[in-house]
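**Student:** Input: one structure, supplied below.
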Amino acid sequence: MDGLAGTQGRIAVIGSGIAGLICALELAPRPVVLLTRAGLGQESSSLWAQGGIAACVGADDSVDLHLADTLSAGAGLCDAKVARGILAEGPDAIAALESHGVRFDRTGQGGFALGLEAAHSRRRILHVGGDGSGAGITRALADAVLACPSITVMDGADVRRLLVRDGCIAGVLLADGRVLETARVVMATGGIGGLFEASTNPAGNFGQGVMMAARAGARLSDMEFVQFHPTALNATGAPLPLISEAVRGEGAVLVDESGRRFMADVPGTELAPRDVVARAIQSQIDAGRGVYLDARAALGQGFAARFPGIDAICKAAGMDPAHDPIPVRPAAHYHMGGIDTDAQARTSLRGLWAIGECAATGLHGANRLASNSLLEAVVMARRAAVDVAVDVSGDATTERGAGAMPVRMPPMVDPAAVRRIASRALGLRRDAEGLRAAIAELLTLVEGDGPEADPACVALSVAVFALLRQESRGGHARTDFPDTAAETGRRRMTFDELRALANGLRTRPLLRSA
């Protein structure tokens, strides 16, 4: 037996972060196989999320207010209709999480203990265990999944390719050579932070879901928009520990090594949009100055009670936030782009849905509003479950899903060479010269089909989208095009189209803006 007995033909959910866990639960009682490389949630960014989940549940809040903040942060590229729909489902998403065993922090009066984060005009961030929101939500959902009889969990399952027949999903190829035949796949594999040397994401998350979807022919969207979190702990190792934005929400300030508060005159100060804060910090670092997050006046001895996880991280690094400023630096944190989807999480490839960070719904635009990502993950996972369930063409052993054609097993992955290129050319500031050089290097790695090829596919996509966007907007900043264009829009491409453009650089000196 190949270990897949009883799972052939089932709906496959790839990834066990919050999006994948919710989708599998919401599909019950339909049989689902949930494929994850590690234990449930163990290699997901969800597990490490500190800030929480944004939802307009406060008495002074509304969908209109939440939408206004989201559109402002998104810098003109949010899909307003999609965003309104997702945000309006916030209270239902919170109720759904609670129904699966999640217990949000409450005040002494019994209401939600709501926090404030950057670019939010209201306190609307719900937490679990203070700064342990992601871990708390993930653990509760993982327990619910393990107790659900309709879900078969396959841990240690490293999915390498989507198999396609006649333009439709036919199965998935695992790293050990096994094939799971299925006509319905939900991709929930997380982000691309592992492409960068400084990242808050699991080092192994280089955009596998985006890569597999792209290689299978699905359309990509907004790949150039990478959000760098302003305040990762300035330390060695990967990933870098995150110092949550909620610390600034509680009044902590950013200072240079002389104690000067360099954000004081910036609109929004320390709670300006993340791209603004991240570039301000990087400018200080580039000038040779250290940057610190100072919570001594705002929280003092109360730091450990409010942020127990961050307090432990800092103390393990040899500092006490109650008495010491915390050294910080920007780090790759979230990808606004990804696999292009509609409002039901459908991709352009029949039989493939995408949810969570690997998907691009249009909610985040050019710059994600803090803590909207977990909300999007829950809402879109629930929507995907409904849509997958009514797609009866993929039931059991349809002709479309049976007999998935095998493909050559790709080599084991090594992103090291790609990390060097991405960190140099695709970071907080970009320019045409660096992007063109990166595209040439990455294209060679893709065509070489070696251990770097899969991560190079994702980085190449970011680089080509970034070269085409000749402006600065949100998470995408061009030093050679520092202004924001008067009118612009989202861009969608297949990997074949993108690769053809990249190849064109070999005969043309500059890609023209599309």
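The chains in the structure tokens are called A, B, ... from first to last as shown; in each chain the residues are counted from 1, and the ligands are counted from 1 in the order shown.
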Show me a table, sorted first by chain and then by increasing residue number, of the residues of range 307-385 of chain A having an atom at most 12 Å from range 194-202 of chain A, each with its shortest atom pair and the distance in Å to one decimal, counting only C-alpha atoms and written as a tab-separated table.
**Tutor:**
residue	atom	partner	partner_atom	distance
A:Val328	CA	A:Ala198	CA	11.7
A:Arg329	CA	A:Ala198	CA	9.1
A:Pro330	CA	A:Ala198	CA	7.9
A:Ala331	CA	A:Ser199	CA	4.6
A:Ala332	CA	A:Ser199	CA	4.4
A:His333	CA	A:Thr200	CA	5.4
A:Tyr334	CA	A:Asn201	CA	8.2
A:His335	CA	A:Asn201	CA	10.7
A:Glu357	CA	A:Asn201	CA	11.5
**Student:** Go ahead and write the residues just picked, C-alpha atoms, as a CSV table (one decimal), in the first residue's frame.
**Tutor:**
chain,number,residue,atom,x,y,z
A,328,VAL,CA,14.8,46.4,16.0
A,329,ARG,CA,15.1,46.2,12.2
A,330,PRO,CA,12.8,45.7,9.3
A,331,ALA,CA,12.3,42.1,8.0
A,332,ALA,CA,10.2,40.5,5.3
A,333,HIS,CA,6.9,39.7,6.9
A,334,TYR,CA,3.9,39.4,4.5
A,335,HIS,CA,3.1,39.0,0.8
A,357,GLU,CA,-1.3,34.4,2.4
**Student:** Which residues are near Ala453 in chain A? Cut-off 12 Å, only C-alpha atoms, ignore same chain within fewer than 4 positions. Put them as a list in words.
**Tutor:**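 Surrounding residues, per the criterion: Phe206, Gln208, Met211, Met212, Arg215, Pro410, Pro411, Met412, Val413, Asp414, Pro415, Ala416, Ala417, Val418, Glu441, Leu442, Leu443, Thr444, Leu445, Val446, Glu447, Gly448, Asp449, Cys457, Val458, Ala459 and Leu460 of chain A.
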**Student:** What would the file look like if the residues just selected were written as a CSV table (one decimal), in the first residue's frame with N, CA, C and O atoms?
**Tutor:**
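So the final result, stored in selection-v4.csv, reads:
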chain,number,residue,atom,x,y,z
A,206,PHE,N,9.1,29.6,1.2
A,206,PHE,CA,9.5,30.4,0.1
A,206,PHE,C,8.5,30.7,-1.0
A,206,PHE,O,8.8,31.2,-2.0
A,208,GLN,N,5.9,28.1,-1.8
A,208,GLN,CA,5.7,26.8,-2.5
A,208,GLN,C,4.3,26.8,-3.2
A,208,GLN,O,4.2,26.3,-4.3
A,211,MET,N,4.4,28.9,-6.3
A,211,MET,CA,5.2,28.2,-7.3
A,211,MET,C,4.5,27.1,-7.9
A,211,MET,O,4.4,27.0,-9.2
A,212,MET,N,3.8,26.2,-7.1
A,212,MET,CA,3.1,25.1,-7.7
A,212,MET,C,1.9,25.6,-8.6
A,212,MET,O,1.7,25.0,-9.7
A,215,ARG,N,3.4,27.1,-11.8
A,215,ARG,CA,3.9,26.0,-12.8
A,215,ARG,C,2.7,25.3,-13.4
A,215,ARG,O,2.8,24.8,-14.5
A,410,PRO,N,10.9,16.7,-9.1
A,410,PRO,CA,11.9,17.8,-9.1
A,410,PRO,C,13.0,17.6,-8.0
A,410,PRO,O,12.7,16.8,-7.1
A,411,PRO,N,14.1,18.2,-8.1
A,411,PRO,CA,15.2,18.0,-7.1
A,411,PRO,C,14.8,18.6,-5.7
A,411,PRO,O,13.9,19.4,-5.6
A,412,MET,N,15.5,18.2,-4.7
A,412,MET,CA,15.3,18.8,-3.4
A,412,MET,C,15.6,20.3,-3.5
A,412,MET,O,16.4,20.7,-4.3
A,413,VAL,N,15.0,21.1,-2.6
A,413,VAL,CA,15.0,22.5,-2.7
A,413,VAL,C,16.1,23.1,-1.8
A,413,VAL,O,16.3,22.7,-0.7
A,414,ASP,N,16.9,24.1,-2.4
A,414,ASP,CA,17.8,24.9,-1.6
A,414,ASP,C,17.7,26.3,-2.0
A,414,ASP,O,18.1,26.7,-3.1
A,415,PRO,N,17.1,27.1,-1.2
A,415,PRO,CA,16.8,28.5,-1.5
A,415,PRO,C,18.0,29.5,-1.3
A,415,PRO,O,17.9,30.7,-1.5
A,416,ALA,N,19.1,29.0,-0.9
A,416,ALA,CA,20.2,29.9,-0.4
A,416,ALA,C,20.6,30.9,-1.5
A,416,ALA,O,20.8,32.1,-1.2
A,417,ALA,N,20.9,30.5,-2.7
A,417,ALA,CA,21.3,31.4,-3.7
A,417,ALA,C,20.2,32.4,-4.0
A,417,ALA,O,20.5,33.6,-4.3
A,418,VAL,N,19.0,32.0,-4.0
A,418,VAL,CA,17.9,32.9,-4.3
A,418,VAL,C,17.7,33.9,-3.2
A,418,VAL,O,17.4,35.1,-3.4
A,441,GLU,N,19.7,36.7,-13.3
A,441,GLU,CA,20.2,35.6,-12.5
A,441,GLU,C,19.1,34.6,-12.2
A,441,GLU,O,19.4,33.3,-12.2
A,442,LEU,N,18.0,35.0,-11.9
A,442,LEU,CA,16.9,34.1,-11.5
A,442,LEU,C,16.4,33.3,-12.6
A,442,LEU,O,16.1,32.1,-12.5
A,443,LEU,N,16.3,33.9,-13.8
A,443,LEU,CA,15.9,33.1,-15.0
A,443,LEU,C,16.9,32.0,-15.3
A,443,LEU,O,16.5,30.9,-15.6
A,444,THR,N,18.2,32.3,-15.1
A,444,THR,CA,19.2,31.2,-15.3
A,444,THR,C,18.9,30.1,-14.3
A,444,THR,O,19.0,28.9,-14.6
A,445,LEU,N,18.6,30.4,-13.0
A,445,LEU,CA,18.3,29.4,-12.0
A,445,LEU,C,17.1,28.6,-12.3
A,445,LEU,O,17.0,27.4,-12.2
A,446,VAL,N,16.0,29.3,-12.8
A,446,VAL,CA,14.8,28.6,-13.2
A,446,VAL,C,15.1,27.6,-14.3
A,446,VAL,O,14.6,26.4,-14.3
A,447,GLU,N,15.8,28.1,-15.3
A,447,GLU,CA,16.1,27.2,-16.5
A,447,GLU,C,17.0,26.1,-16.2
A,447,GLU,O,17.0,25.0,-16.8
A,448,GLY,N,17.9,26.3,-15.1
A,448,GLY,CA,18.8,25.3,-14.8
A,448,GLY,C,18.1,24.1,-14.1
A,448,GLY,O,18.7,23.0,-14.1
A,449,ASP,N,16.9,24.3,-13.6
A,449,ASP,CA,16.1,23.2,-13.0
A,449,ASP,C,16.8,22.4,-11.9
A,449,ASP,O,16.7,21.2,-11.8
A,457,CYS,N,11.6,30.6,-9.2
A,457,CYS,CA,10.3,30.9,-9.9
A,457,CYS,C,9.6,32.0,-9.2
A,457,CYS,O,9.0,32.9,-9.8
A,458,VAL,N,9.5,31.9,-7.8
A,458,VAL,CA,8.7,32.9,-7.1
A,458,VAL,C,9.5,34.2,-7.1
A,458,VAL,O,8.8,35.3,-7.3
A,459,ALA,N,10.8,34.2,-6.8
A,459,ALA,CA,11.5,35.5,-6.8
A,459,ALA,C,11.5,36.1,-8.2
A,459,ALA,O,11.4,37.3,-8.3
A,460,LEU,N,11.6,35.3,-9.2
A,460,LEU,CA,11.5,35.9,-10.6
A,460,LEU,C,10.2,36.6,-10.8
A,460,LEU,O,10.1,37.7,-11.4
**Student:** Nearest residue to Leu65 in chain A out of A:Met263, A:Ala466, A:Ala238, A:Leu87, using only C-alpha atoms?
**Tutor:**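 Looking only at the distances to Leu65 in chain A, the closest residue turns out to be A:Leu87.
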**Student:** Between CA of Thr361 in chain A and CA of Met336 in chain A, what distance in Å does the model show, to one decimal?
**Tutor:**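 Interatomic distance here is 8.9 Å.
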**Student:** Taking the DSSP assignment computed from this structure's backbone, write out as a ChimeraX atom specification all residues of range 70-297 of chain A that belong to alpha helix (DSSP H).
**Tutor:** /A:70-73,80-88,90-99,133-146,208-216,245-249,274-286
**Student:** List the spatial neighbours of range 277-284 of chain A as a PyMOL selection string - criterion: any atom at most 8 Å away, only C-alpha atoms, same-chain residues fewer than 6 positions off excluded.
**Tutor:** chain A and resi 228-231+256+263+270-271+290-291+329-330+428
**Student:** Please write the residues from the selection above to a file, keeping all heavy atoms, as a tab-separated table (two decimals), in the first residue's frame.
**Tutor:**
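Contents of out-v7.tsv, freshly written:
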chain	number	residue	atom	x	y	z
A	228	PHE	N	7.39	44.56	4.63
A	228	PHE	CA	8.46	44.36	5.60
A	228	PHE	C	7.97	44.88	6.94
A	228	PHE	O	7.58	46.04	7.06
A	228	PHE	CB	9.73	45.07	5.16
A	228	PHE	CG	10.40	44.41	3.99
A	228	PHE	CD1	9.90	44.55	2.71
A	228	PHE	CD2	11.52	43.62	4.18
A	228	PHE	CE1	10.50	43.92	1.63
A	228	PHE	CE2	12.13	42.98	3.11
A	228	PHE	CZ	11.62	43.13	1.83
A	229	HIS	N	7.96	44.01	7.94
A	229	HIS	CA	7.55	44.45	9.26
A	229	HIS	C	8.64	45.36	9.82
A	229	HIS	O	9.82	45.04	9.75
A	229	HIS	CB	7.33	43.27	10.20
A	229	HIS	CG	6.52	43.61	11.40
A	229	HIS	ND1	7.01	44.40	12.43
A	229	HIS	CD2	5.24	43.32	11.74
A	229	HIS	CE1	6.07	44.56	13.34
A	229	HIS	NE2	4.98	43.91	12.95
A	230	PRO	N	8.26	46.53	10.35
A	230	PRO	CA	9.28	47.47	10.80
A	230	PRO	C	10.11	46.98	11.98
A	230	PRO	O	11.30	47.33	12.09
A	230	PRO	CB	8.47	48.71	11.21
A	230	PRO	CG	7.13	48.55	10.56
A	230	PRO	CD	6.91	47.08	10.46
A	231	THR	N	9.51	46.17	12.84
A	231	THR	CA	10.17	45.91	14.13
A	231	THR	C	10.35	44.42	14.40
A	231	THR	O	9.71	43.83	15.25
A	231	THR	CB	9.39	46.56	15.29
A	231	THR	OG1	8.02	46.13	15.24
A	231	THR	CG2	9.44	48.07	15.19
A	256	ASP	N	16.51	56.54	17.96
A	256	ASP	CA	17.83	56.12	17.48
A	256	ASP	C	18.75	55.92	18.68
A	256	ASP	O	18.33	56.02	19.84
A	256	ASP	CB	18.38	57.12	16.47
A	256	ASP	CG	18.66	58.49	17.05
A	256	ASP	OD1	18.70	58.63	18.30
A	256	ASP	OD2	18.82	59.44	16.27
A	263	MET	N	10.48	59.40	14.51
A	263	MET	CA	9.16	59.34	13.86
A	263	MET	C	8.21	60.42	14.36
A	263	MET	O	7.07	60.50	13.93
A	263	MET	CB	8.50	57.98	14.09
A	263	MET	CG	9.18	56.79	13.44
A	263	MET	SD	9.11	56.83	11.64
A	263	MET	CE	7.35	56.71	11.34
A	270	GLU	N	4.63	56.60	15.19
A	270	GLU	CA	5.01	55.17	15.17
A	270	GLU	C	3.92	54.27	14.63
A	270	GLU	O	4.17	53.09	14.31
A	270	GLU	CB	5.39	54.70	16.57
A	270	GLU	CG	6.79	55.07	17.01
A	270	GLU	CD	6.90	56.50	17.50
A	270	GLU	OE1	5.85	57.18	17.64
A	270	GLU	OE2	8.03	56.96	17.75
A	271	LEU	N	2.70	54.77	14.51
A	271	LEU	CA	1.60	53.97	14.00
A	271	LEU	C	1.22	54.37	12.58
A	271	LEU	O	0.09	54.16	12.13
A	271	LEU	CB	0.39	54.07	14.93
A	271	LEU	CG	0.59	53.43	16.31
A	271	LEU	CD1	-0.65	53.58	17.16
A	271	LEU	CD2	0.97	51.96	16.17
A	290	GLY	N	21.83	52.88	15.17
A	290	GLY	CA	21.00	51.82	15.70
A	290	GLY	C	19.59	52.33	15.94
A	290	GLY	O	19.38	53.52	16.21
A	291	VAL	N	18.62	51.44	15.84
A	291	VAL	CA	17.21	51.80	16.07
A	291	VAL	C	16.66	50.91	17.18
A	291	VAL	O	16.91	49.69	17.20
A	291	VAL	CB	16.38	51.64	14.78
A	291	VAL	CG1	14.90	51.89	15.06
A	291	VAL	CG2	16.87	52.60	13.71
A	329	ARG	N	14.81	46.03	13.61
A	329	ARG	CA	15.13	46.25	12.20
A	329	ARG	C	13.98	45.73	11.36
A	329	ARG	O	13.21	44.86	11.81
A	329	ARG	CB	16.41	45.51	11.82
A	329	ARG	CG	16.35	44.00	12.01
A	329	ARG	CD	17.45	43.29	11.25
A	329	ARG	NE	17.29	43.47	9.82
A	329	ARG	CZ	18.16	42.99	8.90
A	329	ARG	NH1	19.22	42.31	9.30
A	329	ARG	NH2	17.96	43.18	7.63
A	330	PRO	N	13.81	46.21	10.12
A	330	PRO	CA	12.77	45.67	9.25
A	330	PRO	C	13.12	44.25	8.78
A	330	PRO	O	14.29	43.89	8.65
A	330	PRO	CB	12.75	46.64	8.06
A	330	PRO	CG	13.44	47.87	8.54
A	330	PRO	CD	14.47	47.39	9.52
A	428	LEU	N	13.37	46.52	0.56
A	428	LEU	CA	12.59	47.73	0.82
A	428	LEU	C	12.72	48.77	-0.27
A	428	LEU	O	11.79	49.56	-0.50
A	428	LEU	CB	13.07	48.35	2.15
A	428	LEU	CG	12.42	47.79	3.42
A	428	LEU	CD1	13.21	48.21	4.64
A	428	LEU	CD2	10.98	48.27	3.52
**Student:** Identify, with DSSP run on backbone atoms, the residues in range 219-297 of chain A assigned to strand (DSSP E or B), and express the list as a PDB file with N, CA, C and O atoms, in the first residue's frame.
**Tutor:**
ATOM      1  N   LEU A 220      -1.135  34.689 -11.582  1.00  0.00           N
ATOM      2  CA  LEU A 220      -0.621  35.366 -10.400  1.00  0.00           C
ATOM      3  C   LEU A 220      -1.034  36.832 -10.422  1.00  0.00           C
ATOM      4  O   LEU A 220      -1.340  37.383 -11.473  1.00  0.00           O
ATOM      5  N   SER A 221      -1.007  37.461  -9.248  1.00  0.00           N
ATOM      6  CA  SER A 221      -1.413  38.865  -9.150  1.00  0.00           C
ATOM      7  C   SER A 221      -0.575  39.588  -8.104  1.00  0.00           C
ATOM      8  O   SER A 221      -0.232  39.010  -7.062  1.00  0.00           O
ATOM      9  N   VAL A 226       5.580  43.270  -1.307  1.00  0.00           N
ATOM     10  CA  VAL A 226       6.076  42.533  -0.142  1.00  0.00           C
ATOM     11  C   VAL A 226       6.112  43.497   1.037  1.00  0.00           C
ATOM     12  O   VAL A 226       6.710  44.568   0.950  1.00  0.00           O
ATOM     13  N   GLN A 227       5.471  43.128   2.129  1.00  0.00           N
ATOM     14  CA  GLN A 227       5.468  43.980   3.311  1.00  0.00           C
ATOM     15  C   GLN A 227       6.597  43.572   4.252  1.00  0.00           C
ATOM     16  O   GLN A 227       6.733  42.400   4.601  1.00  0.00           O
ATOM     17  N   PHE A 228       7.392  44.561   4.630  1.00  0.00           N
ATOM     18  CA  PHE A 228       8.460  44.355   5.604  1.00  0.00           C
ATOM     19  C   PHE A 228       7.969  44.882   6.942  1.00  0.00           C
ATOM     20  O   PHE A 228       7.583  46.043   7.060  1.00  0.00           O
ATOM     21  N   HIS A 229       7.960  44.006   7.939  1.00  0.00           N
ATOM     22  CA  HIS A 229       7.550  44.451   9.260  1.00  0.00           C
ATOM     23  C   HIS A 229       8.639  45.362   9.816  1.00  0.00           C
ATOM     24  O   HIS A 229       9.823  45.037   9.754  1.00  0.00           O
ATOM     25  N   PRO A 230       8.262  46.527  10.350  1.00  0.00           N
ATOM     26  CA  PRO A 230       9.279  47.474  10.802  1.00  0.00           C
ATOM     27  C   PRO A 230      10.109  46.981  11.980  1.00  0.00           C
ATOM     28  O   PRO A 230      11.296  47.332  12.091  1.00  0.00           O
ATOM     29  N   THR A 231       9.513  46.174  12.843  1.00  0.00           N
ATOM     30  CA  THR A 231      10.168  45.906  14.128  1.00  0.00           C
ATOM     31  C   THR A 231      10.354  44.416  14.397  1.00  0.00           C
ATOM     32  O   THR A 231       9.707  43.827  15.254  1.00  0.00           O
ATOM     33  N   ALA A 232      11.247  43.818  13.630  1.00  0.00           N
ATOM     34  CA  ALA A 232      11.769  42.507  14.023  1.00  0.00           C
ATOM     35  C   ALA A 232      12.922  42.743  14.990  1.00  0.00           C
ATOM     36  O   ALA A 232      13.591  43.787  14.945  1.00  0.00           O
ATOM     37  N   LEU A 233      13.157  41.813  15.889  1.00  0.00           N
ATOM     38  CA  LEU A 233      14.287  41.925  16.804  1.00  0.00           C
ATOM     39  C   LEU A 233      15.575  41.900  15.994  1.00  0.00           C
ATOM     40  O   LEU A 233      15.782  41.017  15.166  1.00  0.00           O
ATOM     41  N   LEU A 242       9.615  38.485  16.047  1.00  0.00           N
ATOM     42  CA  LEU A 242       8.813  39.672  15.770  1.00  0.00           C
ATOM     43  C   LEU A 242       8.518  40.421  17.071  1.00  0.00           C
ATOM     44  O   LEU A 242       8.197  39.816  18.092  1.00  0.00           O
ATOM     45  N   VAL A 253       7.775  53.861  21.657  1.00  0.00           N
ATOM     46  CA  VAL A 253       8.236  54.781  20.616  1.00  0.00           C
ATOM     47  C   VAL A 253       9.545  54.278  20.019  1.00  0.00           C
ATOM     48  O   VAL A 253      10.286  53.508  20.642  1.00  0.00           O
ATOM     49  N   LEU A 254       9.819  54.734  18.793  1.00  0.00           N
ATOM     50  CA  LEU A 254      11.048  54.384  18.096  1.00  0.00           C
ATOM     51  C   LEU A 254      12.077  55.490  18.301  1.00  0.00           C
ATOM     52  O   LEU A 254      11.783  56.673  18.091  1.00  0.00           O
ATOM     53  N   VAL A 255      13.274  55.099  18.691  1.00  0.00           N
ATOM     54  CA  VAL A 255      14.343  56.070  18.927  1.00  0.00           C
ATOM     55  C   VAL A 255      15.630  55.573  18.273  1.00  0.00           C
ATOM     56  O   VAL A 255      15.801  54.369  18.043  1.00  0.00           O
ATOM     57  N   ASP A 256      16.511  56.538  17.956  1.00  0.00           N
ATOM     58  CA  ASP A 256      17.832  56.122  17.484  1.00  0.00           C
ATOM     59  C   ASP A 256      18.751  55.920  18.685  1.00  0.00           C
ATOM     60  O   ASP A 256      18.331  56.024  19.841  1.00  0.00           O
ATOM     61  N   VAL A 291      18.623  51.440  15.841  1.00  0.00           N
ATOM     62  CA  VAL A 291      17.211  51.799  16.067  1.00  0.00           C
ATOM     63  C   VAL A 291      16.661  50.908  17.181  1.00  0.00           C
ATOM     64  O   VAL A 291      16.915  49.693  17.203  1.00  0.00           O
ATOM     65  N   TYR A 292      15.880  51.521  18.069  1.00  0.00           N
ATOM     66  CA  TYR A 292      15.359  50.816  19.241  1.00  0.00           C
ATOM     67  C   TYR A 292      13.876  51.138  19.429  1.00  0.00           C
ATOM     68  O   TYR A 292      13.420  52.245  19.139  1.00  0.00           O
ATOM     69  N   LEU A 293      13.157  50.151  19.929  1.00  0.00           N
ATOM     70  CA  LEU A 293      11.772  50.347  20.346  1.00  0.00           C
ATOM     71  C   LEU A 293      11.783  50.503  21.857  1.00  0.00           C
ATOM     72  O   LEU A 293      12.175  49.580  22.586  1.00  0.00           O
ATOM     73  N   ASP A 294      11.348  51.665  22.321  1.00  0.00           N
ATOM     74  CA  ASP A 294      11.453  52.005  23.742  1.00  0.00           C
ATOM     75  C   ASP A 294      10.064  51.958  24.378  1.00  0.00           C
ATOM     76  O   ASP A 294       9.218  52.812  24.130  1.00  0.00           O
TER      77      ASP A 294
END
**Student:** Applying 10 Å and only C-alpha atoms, which residues near Thr36 in chain A remain after dropping the ones on its own chain fewer than 2 positions away? List them as a count of residues only.
**Tutor:** 24
**Student:** Work out how far apart CA of Leu4 in chain A and CA of Arg219 in chain A are and give it in Å to one decimal.
**Tutor:**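 For CA of Leu4 in chain A relative to CA of Arg219 in chain A, the distance reads 29.6 Å.
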**Student:** So that I can check the surroundings of Pro91 in chain A, please list as a list in words every protein, DNA and RNA residue that reaches within 7 Å of it, counting only C-alpha atoms and ignoring chain neighbours fewer than 6 positions away.
**Tutor:**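 With the cut-off at 7 Å, the set is Ala55, Cys56 and Val57 of chain A.
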**Student:** Mind giving me the straight-line distance from CA of Ala385 in chain A to CA of Ile22 in chain A in Å, one decimal?
**Tutor:**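 Between these atoms lies a distance of 8.7 Å.
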**Student:** With only C-alpha atoms as the counted atoms, please give the residues lying no more than 10 Å from Gly474 in chain A, apart from itself and same-chain residues fewer than 5 positions off, as a ChimeraX atom specification.
**Tutor:** /A:73-77,225-227,273-276,365-368,484
**Student:** May I have the residues from that selection written out with N, CA, C and O atoms, as a tab-separated table (two decimals), in the first residue's frame?
**Tutor:**
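Once everything was written out, this is out.tsv:
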chain	number	residue	atom	x	y	z
A	73	ALA	N	-4.61	52.22	3.88
A	73	ALA	CA	-3.35	51.48	3.96
A	73	ALA	C	-3.00	50.84	2.62
A	73	ALA	O	-1.83	50.75	2.24
A	74	GLY	N	-4.02	50.40	1.87
A	74	GLY	CA	-3.80	49.70	0.60
A	74	GLY	C	-3.34	50.58	-0.53
A	74	GLY	O	-3.05	50.08	-1.62
A	75	ALA	N	-3.27	51.88	-0.31
A	75	ALA	CA	-2.64	52.83	-1.24
A	75	ALA	C	-3.23	52.79	-2.65
A	75	ALA	O	-2.50	52.85	-3.64
A	76	GLY	N	-4.56	52.67	-2.72
A	76	GLY	CA	-5.22	52.78	-4.02
A	76	GLY	C	-5.35	51.49	-4.80
A	76	GLY	O	-5.91	51.49	-5.91
A	77	LEU	N	-4.87	50.37	-4.28
A	77	LEU	CA	-4.94	49.12	-5.05
A	77	LEU	C	-5.86	48.07	-4.45
A	77	LEU	O	-5.92	46.95	-4.96
A	225	PHE	N	4.35	43.26	-4.34
A	225	PHE	CA	4.06	43.91	-3.07
A	225	PHE	C	4.42	43.00	-1.89
A	225	PHE	O	3.67	42.09	-1.53
A	226	VAL	N	5.58	43.27	-1.31
A	226	VAL	CA	6.08	42.53	-0.14
A	226	VAL	C	6.11	43.50	1.04
A	226	VAL	O	6.71	44.57	0.95
A	227	GLN	N	5.47	43.13	2.13
A	227	GLN	CA	5.47	43.98	3.31
A	227	GLN	C	6.60	43.57	4.25
A	227	GLN	O	6.73	42.40	4.60
A	273	PRO	N	1.49	53.75	8.45
A	273	PRO	CA	1.49	52.47	7.73
A	273	PRO	C	2.86	51.80	7.75
A	273	PRO	O	3.90	52.47	7.82
A	274	ARG	N	2.85	50.48	7.69
A	274	ARG	CA	4.08	49.72	7.90
A	274	ARG	C	5.19	50.08	6.91
A	274	ARG	O	6.36	50.09	7.27
A	275	ASP	N	4.84	50.33	5.65
A	275	ASP	CA	5.89	50.65	4.68
A	275	ASP	C	6.59	51.94	5.05
A	275	ASP	O	7.80	52.08	4.90
A	276	VAL	N	5.83	52.91	5.57
A	276	VAL	CA	6.41	54.19	5.99
A	276	VAL	C	7.37	53.99	7.16
A	276	VAL	O	8.50	54.49	7.17
A	365	GLY	N	-4.43	45.26	-1.22
A	365	GLY	CA	-3.88	46.29	-2.08
A	365	GLY	C	-2.36	46.28	-2.05
A	365	GLY	O	-1.72	45.23	-2.06
A	366	ALA	N	-1.78	47.48	-1.97
A	366	ALA	CA	-0.33	47.61	-2.03
A	366	ALA	C	0.32	47.49	-0.66
A	366	ALA	O	1.56	47.44	-0.56
A	367	ASN	N	-0.48	47.43	0.41
A	367	ASN	CA	0.10	47.45	1.75
A	367	ASN	C	-0.95	46.96	2.73
A	367	ASN	O	-1.93	47.65	2.99
A	368	ARG	N	-0.78	45.78	3.28
A	368	ARG	CA	-1.77	45.18	4.18
A	368	ARG	C	-1.96	46.00	5.45
A	368	ARG	O	-0.99	46.41	6.10
A	484	THR	N	4.30	58.29	-6.74
A	484	THR	CA	3.17	57.40	-6.99
A	484	THR	C	2.43	57.89	-8.23
A	484	THR	O	2.10	59.08	-8.33
**Student:** Quick one: everything within 9 Å of range 96-113 of chain A, counting only C-alpha atoms, minus sequence neighbours fewer than 2 positions away in the same chain. Send it as a list in words.
**Tutor:**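 Everything that qualifies: Ile22, Leu25, Val57, Gly58, Pro91, Asp92, Ala93, Ile94, Gly115, Arg123, Arg124, Ile125, Leu126, His127, Val128, Gly129, Gly130, Ser133, Gly136, Ile137, Thr138, Arg139, Ala140, Leu141, Asp143, Ala144 and Val378 of chain A.
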**Student:** A:Ala218, A:Ala147, A:Met187, A:Ala83: which is nearest Ala343 in chain A, counting only C-alpha atoms?
**Tutor:**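 Looking only at the distances to Ala343 in chain A, the closest residue turns out to be A:Ala83.
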